[in-house]
Every structure is written in structure tokens, then in C-alpha cells.
>>> print(open('coords_30.txt').read())   # compact mmCIF, C-alpha atoms and all ligand atoms
# COMPACT_ATOMS: atom_id res chain seq x y z
CA MET Z 1 -39.30 -80.10 12.66
CA LYS Z 2 -35.95 -80.00 10.80
CA TYR Z 3 -33.41 -77.24 11.51
CA ARG Z 4 -35.71 -75.30 13.81
CA GLU Z 5 -32.78 -73.36 15.30
CA ILE Z 6 -31.59 -71.69 12.08
CA ARG Z 7 -35.18 -71.05 10.99
CA GLU Z 8 -35.83 -69.29 14.28
CA GLN Z 9 -32.62 -67.30 13.87
CA VAL Z 10 -33.88 -65.99 10.50
CA ILE Z 11 -37.14 -64.83 12.10
CA GLU Z 12 -35.47 -63.30 15.15
CA ALA Z 13 -32.98 -61.36 13.00
CA SER Z 14 -35.68 -60.20 10.57
CA LEU Z 15 -37.83 -58.84 13.41
CA LYS Z 16 -34.80 -57.15 14.97
CA ALA Z 17 -33.85 -55.54 11.65
CA GLN Z 18 -37.43 -54.36 11.28
CA LYS Z 19 -37.48 -52.94 14.81
CA LEU Z 20 -34.24 -51.07 14.13
CA GLY Z 21 -35.73 -49.58 10.94
CA LEU Z 22 -33.19 -51.37 8.75
CA ILE Z 23 -35.93 -53.11 6.78
CA ARG Z 24 -39.50 -52.03 6.11
CA GLY Z 25 -42.53 -53.96 4.85
CA THR Z 26 -41.32 -57.20 3.32
CA SER Z 27 -38.11 -55.69 1.93
CA GLY Z 28 -34.74 -57.24 2.72
CA ASN Z 29 -33.90 -60.88 3.28
CA ILE Z 30 -31.83 -62.95 5.71
CA SER Z 31 -30.27 -66.40 5.52
CA VAL Z 32 -28.46 -68.67 7.98
CA ARG Z 33 -26.47 -71.79 7.10
CA CYS Z 34 -26.28 -74.93 9.23
CA GLU Z 35 -22.56 -75.63 9.42
CA ASP Z 36 -22.99 -79.41 9.67
CA SER Z 37 -25.34 -80.09 6.77
CA GLY Z 38 -24.65 -76.99 4.68
CA LEU Z 39 -28.40 -76.39 4.36
CA ILE Z 40 -29.62 -72.81 4.48
CA ALA Z 41 -32.71 -71.30 6.13
CA ILE Z 42 -33.78 -68.19 4.19
CA SER Z 43 -36.62 -65.72 4.65
CA PRO Z 44 -39.54 -66.50 2.33
CA THR Z 45 -40.52 -64.02 -0.36
CA SER Z 46 -43.16 -61.37 0.30
CA ILE Z 47 -44.44 -62.62 3.67
CA PRO Z 48 -44.66 -59.96 6.42
CA TYR Z 49 -41.97 -60.70 9.00
CA GLU Z 50 -44.43 -60.51 11.89
CA ASP Z 51 -46.41 -63.40 10.35
CA LEU Z 52 -43.42 -65.75 10.13
CA THR Z 53 -43.27 -69.06 11.96
CA PRO Z 54 -40.36 -71.54 11.67
CA GLU Z 55 -42.52 -73.68 9.33
CA LEU Z 56 -42.82 -70.75 6.91
CA VAL Z 57 -39.03 -70.35 6.61
CA PRO Z 58 -37.86 -72.57 3.72
CA LEU Z 59 -34.68 -74.62 3.76
CA VAL Z 60 -32.61 -74.63 0.59
CA ASP Z 61 -29.41 -76.28 -0.55
CA LEU Z 62 -26.37 -74.38 -1.82
CA ASP Z 63 -27.91 -74.25 -5.31
CA GLY Z 64 -31.14 -72.75 -4.02
CA ASN Z 65 -33.26 -75.91 -4.38
CA VAL Z 66 -35.96 -76.11 -1.69
CA VAL Z 67 -35.34 -79.17 0.46
CA ASP Z 68 -37.96 -78.45 3.11
CA GLY Z 69 -40.83 -76.02 3.43
CA THR Z 70 -43.95 -74.94 1.62
CA THR Z 71 -43.14 -71.28 0.97
CA LYS Z 72 -41.09 -69.78 -1.85
CA PRO Z 73 -37.60 -68.62 -0.84
CA SER Z 74 -36.68 -64.93 -1.09
CA SER Z 75 -36.33 -63.61 -4.62
CA GLU Z 76 -32.71 -62.84 -3.65
CA CYS Z 77 -31.98 -66.51 -2.90
CA PRO Z 78 -29.49 -66.69 -5.83
CA MET Z 79 -27.46 -63.90 -4.19
CA HIS Z 80 -27.44 -65.55 -0.75
CA THR Z 81 -26.46 -68.97 -2.07
CA ALA Z 82 -23.81 -67.53 -4.41
CA VAL Z 83 -22.18 -65.76 -1.44
CA MET Z 84 -22.25 -68.94 0.66
CA ARG Z 85 -20.88 -71.06 -2.20
CA ASN Z 86 -17.98 -68.67 -2.58
CA ARG Z 87 -17.26 -68.06 1.11
CA LYS Z 88 -16.90 -71.08 3.39
CA ASP Z 89 -16.34 -68.69 6.34
CA VAL Z 90 -19.80 -67.14 5.90
CA ASN Z 91 -22.80 -68.73 7.64
CA ALA Z 92 -25.17 -65.75 7.62
CA VAL Z 93 -26.14 -63.14 5.03
CA VAL Z 94 -28.22 -60.02 5.71
CA HIS Z 95 -29.57 -57.85 2.89
CA THR Z 96 -31.40 -54.61 3.69
CA HIS Z 97 -32.62 -51.52 1.88
CA SER Z 98 -31.51 -49.39 4.82
CA LYS Z 99 -31.70 -45.66 4.19
CA PHE Z 100 -28.19 -44.26 4.56
CA SER Z 101 -26.43 -47.24 2.95
CA THR Z 102 -28.75 -46.79 -0.02
CA ILE Z 103 -28.05 -43.03 -0.15
CA LEU Z 104 -24.28 -43.63 -0.29
CA SER Z 105 -24.77 -46.23 -3.02
CA ILE Z 106 -26.74 -43.68 -5.07
CA ILE Z 107 -24.35 -40.77 -4.65
CA GLY Z 108 -21.45 -43.08 -5.46
CA GLN Z 109 -19.66 -42.66 -2.13
CA GLU Z 110 -18.13 -45.92 -0.91
CA LEU Z 111 -18.23 -46.29 2.85
CA PRO Z 112 -14.86 -45.18 4.23
CA LEU Z 113 -13.40 -46.52 7.45
CA ILE Z 114 -14.18 -43.46 9.53
CA THR Z 115 -15.79 -44.84 12.66
CA ILE Z 116 -14.41 -47.13 15.35
CA PRO Z 117 -17.25 -49.74 15.39
CA LEU Z 118 -16.68 -50.40 11.68
CA LEU Z 119 -13.11 -51.48 12.39
CA GLY Z 120 -14.05 -54.73 14.07
CA TYR Z 121 -16.71 -55.68 11.56
CA ALA Z 122 -15.80 -54.25 8.19
CA PRO Z 123 -12.06 -53.66 8.30
CA THR Z 124 -11.98 -52.81 4.59
CA PRO Z 125 -14.03 -49.96 3.11
CA ALA Z 126 -17.41 -51.26 1.90
CA PRO Z 127 -17.36 -50.92 -1.90
CA ILE Z 128 -20.34 -50.14 -4.13
CA VAL Z 129 -21.36 -52.91 -6.49
CA PRO Z 130 -22.93 -51.78 -9.79
CA PHE Z 131 -26.70 -51.92 -10.20
CA GLU Z 132 -28.16 -55.16 -11.54
CA ILE Z 133 -31.79 -56.34 -11.60
CA PRO Z 134 -32.81 -57.58 -8.11
CA GLY Z 135 -32.87 -61.37 -7.92
CA SER Z 136 -30.70 -61.80 -11.03
CA ALA Z 137 -27.65 -64.00 -11.42
CA ALA Z 138 -25.81 -60.84 -12.52
CA LEU Z 139 -26.52 -59.20 -9.15
CA ALA Z 140 -25.38 -62.34 -7.31
CA GLU Z 141 -22.15 -62.30 -9.31
CA ALA Z 142 -21.54 -58.59 -8.69
CA VAL Z 143 -22.04 -59.00 -4.93
CA VAL Z 144 -19.72 -62.02 -4.77
CA LYS Z 145 -17.08 -60.01 -6.64
CA GLY Z 146 -17.57 -56.96 -4.38
CA LEU Z 147 -17.17 -59.02 -1.21
CA GLY Z 148 -14.10 -60.82 -2.52
CA GLU Z 149 -12.35 -63.32 -0.25
CA LYS Z 150 -12.43 -61.21 2.91
CA GLY Z 151 -15.04 -58.44 2.64
CA SER Z 152 -17.80 -58.17 5.24
CA ALA Z 153 -20.18 -55.84 3.43
CA VAL Z 154 -21.02 -54.13 0.16
CA LEU Z 155 -23.28 -51.24 -0.80
CA MET Z 156 -25.55 -52.13 -3.72
CA GLU Z 157 -26.10 -49.28 -6.16
CA ASN Z 158 -29.64 -47.82 -6.01
CA HIS Z 159 -30.68 -50.82 -3.93
CA GLY Z 160 -29.24 -51.24 -0.42
CA MET Z 161 -26.52 -53.16 1.35
CA LEU Z 162 -25.45 -56.72 2.15
CA ALA Z 163 -23.42 -57.90 5.13
CA VAL Z 164 -22.03 -61.32 5.98
CA GLY Z 165 -20.74 -63.06 9.09
CA SER Z 166 -19.69 -66.40 10.48
CA THR Z 167 -22.81 -66.18 12.67
CA ILE Z 168 -26.12 -64.36 12.35
CA ASP Z 169 -25.20 -62.14 15.32
CA LYS Z 170 -22.01 -61.01 13.56
CA ALA Z 171 -23.79 -60.37 10.26
CA MET Z 172 -26.48 -58.35 12.06
CA THR Z 173 -23.98 -56.31 14.05
CA CYS Z 174 -22.07 -55.62 10.84
CA THR Z 175 -25.33 -54.46 9.23
CA GLU Z 176 -26.03 -52.07 12.10
CA TYR Z 177 -22.52 -50.60 12.07
CA ILE Z 178 -22.50 -50.24 8.28
CA GLU Z 179 -25.74 -48.30 8.45
CA GLU Z 180 -24.43 -46.16 11.33
CA GLY Z 181 -21.20 -45.50 9.40
CA ALA Z 182 -23.20 -44.62 6.28
CA GLU Z 183 -25.33 -42.15 8.25
CA ILE Z 184 -22.26 -40.48 9.77
CA THR Z 185 -20.56 -40.33 6.36
CA PHE Z 186 -23.66 -38.78 4.82
CA TYR Z 187 -23.88 -36.00 7.42
CA CYS Z 188 -20.11 -35.37 7.23
CA ARG Z 189 -20.45 -34.98 3.49
CA LEU Z 190 -23.33 -32.54 4.00
CA ALA Z 191 -21.14 -30.61 6.44
CA GLY Z 192 -18.44 -30.54 3.77
CA LYS Z 193 -15.75 -32.76 5.26
CA VAL Z 194 -15.19 -36.52 5.44
CA LYS Z 195 -11.93 -37.18 7.25
CA GLY Z 196 -10.64 -40.73 7.38
CA ILE Z 197 -8.49 -42.16 10.18
CA ASP Z 198 -4.73 -41.94 9.55
CA PRO Z 199 -3.75 -45.24 7.81
CA GLN Z 200 -0.90 -45.92 10.27
CA VAL Z 201 -3.16 -45.44 13.30
CA LEU Z 202 -5.77 -47.55 11.55
CA ALA Z 203 -3.28 -50.42 11.15
CA GLU Z 204 -2.35 -50.12 14.85
CA MET Z 205 -5.99 -50.28 15.88
CA ILE Z 206 -6.67 -53.31 13.67
CA ALA Z 207 -3.70 -55.06 15.34
CA ILE Z 208 -5.14 -54.20 18.77
CA LEU Z 209 -8.50 -55.68 17.77
CA LYS Z 210 -6.80 -58.82 16.45
CA SER Z 211 -5.06 -59.23 19.81
CA GLY Z 212 -8.50 -59.55 21.35
CA ARG Z 213 -8.83 -56.15 23.05
CA ALA Z 214 -11.93 -54.10 22.38
CA LEU Z 215 -11.75 -50.52 21.18
P1 LIG K 1 -38.14 -60.89 -1.01
O1 LIG K 1 -39.42 -60.64 -0.25
O2 LIG K 1 -38.36 -61.80 -2.19
O3 LIG K 1 -37.03 -61.33 -0.11
O4 LIG K 1 -37.68 -59.54 -1.72
C1 LIG K 1 -37.47 -58.38 -1.01
C2 LIG K 1 -36.24 -57.66 -1.44
O5 LIG K 1 -35.78 -56.86 -0.67
C3 LIG K 1 -35.56 -57.84 -2.72
O6 LIG K 1 -34.32 -57.15 -2.73
>>> encode(input="coords_30.txt", output="C-alpha cells")
Amino acid sequence: MKYREIREQVIEASLKAQKLGLIRGTSGNISVRCEDSGLIAISPTSIPYEDLTPELVPLVDLDGNVVDGTTKPSSECPMHTAVMRNRKDVNAVVHTHSKFSTILSIIGQELPLITIPLLGYAPTPAPIVPFEIPGSAALAEAVVKGLGEKGSAVLMENHGMLAVGSTIDKAMTCTEYIEEGAEITFYCRLAGKVKGIDPQVLAEMIAILKSGRAL
């Protein structure tokens, strides 16, 4: 079977996201690109994650054309492929409807850099991209614009979040930390205070991370 490894990575990540409560039912979608061929394994639309086998994970090209598989790719395939077309450094995309990221997107609170784990994975605040119909080219365009050349994640208004990474592990870790940061931000807002980290200290910590030391 072709590209078994990336197809298995899609299933493994989907089940992990489900176990962590980041996705429920058949919501959310995950894609992984094979660096050599450029082909992308993406979760199929509307199939329960626990029923997935590598054969049921379709392979698409960068324009979303199915090149192998019998199932229909996720309805958000245009968004995944648009991100990968625009970002050569991205080999994995994770989209979830996770609770606290969605809350922040609805109350219009972009995710500030207030927690340490976010530093290593989303070293710019995660912006909110305006609502567009799920699966539309307009949503794909808005997400690409929100991520820009360097962004790791965006909140999607009244919808959820999307995180990217050079590997599926990085994209998944980013997803987890974004959701954790969103939860902390939400409770801080409820408590009446959201205090960011001093920008100078922030710059120092980013330099430490770039030097290879963990924080
Ligand atoms: P798919 O099952 O087509 O991936 O759609 C789920 C979803 O979350 C759309 O945003």
C-alpha cells in the first residue's frame, strides 16, 4: 500500500486528539504531507475516527485531487491544501473544534502569549480569522492570510482552531498548547485579569529557546 506511514500518522493523531477531547464525533480533520512526493494523506469526511484504517485515508495532491483511495477527503481539504501550497515549511495541519479555542474565537479575544509552553510552539499571538462557510475557498484564504509566513496557529471565528507544524508531532503539540493557553486565558478573563509577559522578558525567553535550551 502506498504511503502507509503518513496515512497511519493521520489515524494516530486523530485518535489522540479524540482521546484528549480536542475533537468529538467526526469533527476536525488532520493532514500529513510526504516531503519527498508532496502528496498529502488527509482524514476522510464523516467517518468515525475509530473505524479508520490506512486504506480509508485518501491521498491527495496539492490541489486536492484524490490520487489514491476510495473515500472522500475531508470537507476542509481546500483549507489544508491551501496552507501547504503557501507554506513549504508545513508538513502537517490539524484542525479542531476544541472548546476553549472556539470560545476565544467567539468572544473576539485573540490568544495572547501568556503561558510558557506557547512560546516554543506559537511564538506569535494566535489571531482570529473571520468566519467563513466551512469548506469554502474563502475560509481557506482567510486561514492562509491569518497564518502568514511564520504563524503556527489561528483561531477560527465561531468554528475552532488550526495549527501547523513541520511534523505531525509538532502540529499536535501546538494544538494541545493552544487549547491549554485558550483555557487559561478564558479563566483569567473570567477572573478579571489577563496579564501578558513583559515584552523584553519574552524576547529573552524566545532567544533562550532558539539556543536550544528548554524552558
Ligand atoms: P469532515 O468530516 O469533512 O472533515 O468535516 C468535519 C469538520 O470539522 C469541518 O470543519
>>> residues_near_point(input="coords_30.txt", point="(-21.3, -43.8, 13.1)", cutoff="12 Å", atoms="all atoms listed in the file", output="list in words")
Phe100, Ser101, Leu111, Pro112, Leu113, Ile114, Thr115, Ile116, Pro117, Leu118, Leu119, Glu176, Tyr177, Ile178, Glu179, Glu180, Gly181, Ala182, Glu183, Ile184, Thr185, Phe186, Tyr187 and Cys188 of chain Z
>>> write_last_selection(input="coords_30.txt", atoms="C-alpha atoms", output="compact mmCIF listing (two decimals), in the coordinates of the input")
# COMPACT_ATOMS: atom_id res chain seq x y z
CA PHE Z 100 -28.19 -44.26 4.56
CA SER Z 101 -26.43 -47.24 2.95
CA LEU Z 111 -18.23 -46.29 2.85
CA PRO Z 112 -14.86 -45.18 4.23
CA LEU Z 113 -13.40 -46.52 7.45
CA ILE Z 114 -14.18 -43.46 9.53
CA THR Z 115 -15.79 -44.84 12.66
CA ILE Z 116 -14.41 -47.13 15.35
CA PRO Z 117 -17.25 -49.74 15.39
CA LEU Z 118 -16.68 -50.40 11.68
CA LEU Z 119 -13.11 -51.48 12.39
CA GLU Z 176 -26.03 -52.07 12.10
CA TYR Z 177 -22.52 -50.60 12.07
CA ILE Z 178 -22.50 -50.24 8.28
CA GLU Z 179 -25.74 -48.30 8.45
CA GLU Z 180 -24.43 -46.16 11.33
CA GLY Z 181 -21.20 -45.50 9.40
CA ALA Z 182 -23.20 -44.62 6.28
CA GLU Z 183 -25.33 -42.15 8.25
CA ILE Z 184 -22.26 -40.48 9.77
CA THR Z 185 -20.56 -40.33 6.36
CA PHE Z 186 -23.66 -38.78 4.82
CA TYR Z 187 -23.88 -36.00 7.42
CA CYS Z 188 -20.11 -35.37 7.23
>>> residues_around(input="coords_30.txt", residues="Z:Ile47", least_positions_apart="4", cutoff="10 Å", atoms="all atoms listed in the file", output="number ranges by chain")
Z: 25-27, 43, 51-52, 56-57, 71-72, 74
>>> residues_around(input="coords_30.txt", residues="stretch 154-168 of chain Z", least_positions_apart="2", cutoff="8 Å", atoms="all atoms listed in the file", output="PyMOL selection string")
chain Z and resi 9+13+32+89-99+101-106+108+110-111+126-131+143+146-147+151-152+170-172+174-175
>>> atom_distance(input="coords_30.txt", atom1="atom O5 of ligand LIG 1 (chain K)", atom2="atom CA of Z:Ala153")
16.2 Å
>>> residues_near_ligand(input="coords_30.txt", ligand="ligand LIG 1 (chain K)", cutoff="6 Å", atoms="all atoms listed in the file", output="ChimeraX atom specification")
/Z:26-29,45-46,74-76,134
>>> write_last_selection(input="coords_30.txt", atoms="C-alpha atoms", output="short mmCIF file (atom, residue, chain, number, x, y, z; two decimals), keeping the file's coordinate frame")
data_model
loop_
_atom_site.label_atom_id
_atom_site.label_comp_id
_atom_site.auth_asym_id
_atom_site.auth_seq_id
_atom_site.Cartn_x
_atom_site.Cartn_y
_atom_site.Cartn_z
CA THR Z 26 -41.32 -57.20 3.32
CA SER Z 27 -38.11 -55.69 1.93
CA GLY Z 28 -34.74 -57.24 2.72
CA ASN Z 29 -33.90 -60.88 3.28
CA THR Z 45 -40.52 -64.02 -0.36
CA SER Z 46 -43.16 -61.37 0.30
CA SER Z 74 -36.68 -64.93 -1.09
CA SER Z 75 -36.33 -63.61 -4.62
CA GLU Z 76 -32.71 -62.84 -3.65
CA PRO Z 134 -32.81 -57.58 -8.11
#
>>> atom_distance(input="coords_30.txt", atom1="atom CA of Z:Lys195", atom2="atom CA of Z:Gly148")
25.7 Å
>>> closest_residue(input="coords_30.txt", among="Z:Ser37, Z:Ile6, Z:Ser14, Z:Gly120", to="Z:Lys210", atoms="all atoms listed in the file")
Z:Gly120
>>> closest_residue(input="coords_30.txt", among="Z:Pro123, Z:Pro78, Z:Pro58, Z:Pro48", to="Z:Val144", atoms="all atoms listed in the file")
Z:Pro78
>>> atom_distance(input="coords_30.txt", atom1="atom CA of Z:Thr81", atom2="atom CA of Z:Leu139")
12.1 Å
>>> closest_residue(input="coords_30.txt", among="Z:Ala41, Z:Gly135, Z:Ala122, Z:Arg24", to="Z:Asn65", atoms="all atoms listed in the file")
Z:Ala41
>>> closest_residue(input="coords_30.txt", among="Z:Glu50, Z:Glu55, Z:Ala137, Z:Thr124", to="Z:Pro199", atoms="all atoms listed in the file")
Z:Thr124
>>> closest_residue(input="coords_30.txt", among="Z:Gly212, Z:Gly69, Z:Gly21, Z:Gly192", to="Z:Met1", atoms="only C-alpha atoms")
Z:Gly69
>>> residues_around(input="coords_30.txt", residues="Z:Leu15", least_positions_apart="5", cutoff="9 Å", atoms="only C-alpha atoms", output="JSON, numbers by chain")
{"Z": [10, 20, 23, 49, 50]}
>>> build_atoms(input="coords_30.txt", residues="stretch 117-130 of chain Z", atoms="N, CA and C atoms", output="PDB file, in the coordinates of the input")
ATOM      1  N   PRO Z 117     -16.543 -48.443  15.435  1.00  0.00           N
ATOM      2  CA  PRO Z 117     -17.250 -49.740  15.390  1.00  0.00           C
ATOM      3  C   PRO Z 117     -17.043 -50.482  14.074  1.00  0.00           C
ATOM      4  N   LEU Z 118     -16.867 -49.734  12.971  1.00  0.00           N
ATOM      5  CA  LEU Z 118     -16.680 -50.400  11.680  1.00  0.00           C
ATOM      6  C   LEU Z 118     -15.414 -51.241  11.651  1.00  0.00           C
ATOM      7  N   LEU Z 119     -14.408 -50.804  12.420  1.00  0.00           N
ATOM      8  CA  LEU Z 119     -13.110 -51.480  12.390  1.00  0.00           C
ATOM      9  C   LEU Z 119     -13.201 -52.979  12.654  1.00  0.00           C
ATOM     10  N   GLY Z 120     -13.973 -53.326  13.668  1.00  0.00           N
ATOM     11  CA  GLY Z 120     -14.050 -54.730  14.070  1.00  0.00           C
ATOM     12  C   GLY Z 120     -14.902 -55.563  13.131  1.00  0.00           C
ATOM     13  N   TYR Z 121     -15.761 -54.909  12.365  1.00  0.00           N
ATOM     14  CA  TYR Z 121     -16.710 -55.680  11.560  1.00  0.00           C
ATOM     15  C   TYR Z 121     -16.528 -55.552  10.066  1.00  0.00           C
ATOM     16  N   ALA Z 122     -16.008 -54.431   9.626  1.00  0.00           N
ATOM     17  CA  ALA Z 122     -15.800 -54.250   8.190  1.00  0.00           C
ATOM     18  C   ALA Z 122     -14.451 -53.590   7.979  1.00  0.00           C
ATOM     19  N   PRO Z 123     -13.365 -54.320   8.312  1.00  0.00           N
ATOM     20  CA  PRO Z 123     -12.060 -53.660   8.300  1.00  0.00           C
ATOM     21  C   PRO Z 123     -11.518 -53.332   6.900  1.00  0.00           C
ATOM     22  N   THR Z 124     -12.366 -53.394   5.885  1.00  0.00           N
ATOM     23  CA  THR Z 124     -11.980 -52.810   4.590  1.00  0.00           C
ATOM     24  C   THR Z 124     -13.120 -51.875   4.225  1.00  0.00           C
ATOM     25  N   PRO Z 125     -12.893 -50.804   3.475  1.00  0.00           N
ATOM     26  CA  PRO Z 125     -14.030 -49.960   3.110  1.00  0.00           C
ATOM     27  C   PRO Z 125     -15.067 -50.792   2.359  1.00  0.00           C
ATOM     28  N   ALA Z 126     -16.357 -50.500   2.605  1.00  0.00           N
ATOM     29  CA  ALA Z 126     -17.410 -51.260   1.900  1.00  0.00           C
ATOM     30  C   ALA Z 126     -17.569 -50.668   0.500  1.00  0.00           C
ATOM     31  N   PRO Z 127     -17.267 -51.446  -0.541  1.00  0.00           N
ATOM     32  CA  PRO Z 127     -17.360 -50.920  -1.900  1.00  0.00           C
ATOM     33  C   PRO Z 127     -18.805 -50.888  -2.409  1.00  0.00           C
ATOM     34  N   ILE Z 128     -19.007 -50.167  -3.503  1.00  0.00           N
ATOM     35  CA  ILE Z 128     -20.340 -50.140  -4.130  1.00  0.00           C
ATOM     36  C   ILE Z 128     -20.319 -51.114  -5.309  1.00  0.00           C
ATOM     37  N   VAL Z 129     -21.283 -52.030  -5.330  1.00  0.00           N
ATOM     38  CA  VAL Z 129     -21.360 -52.910  -6.490  1.00  0.00           C
ATOM     39  C   VAL Z 129     -22.368 -52.319  -7.467  1.00  0.00           C
ATOM     40  N   PRO Z 130     -22.066 -52.418  -8.794  1.00  0.00           N
ATOM     41  CA  PRO Z 130     -22.930 -51.780  -9.790  1.00  0.00           C
ATOM     42  C   PRO Z 130     -24.352 -52.342  -9.802  1.00  0.00           C
TER      43      PRO Z 130
END
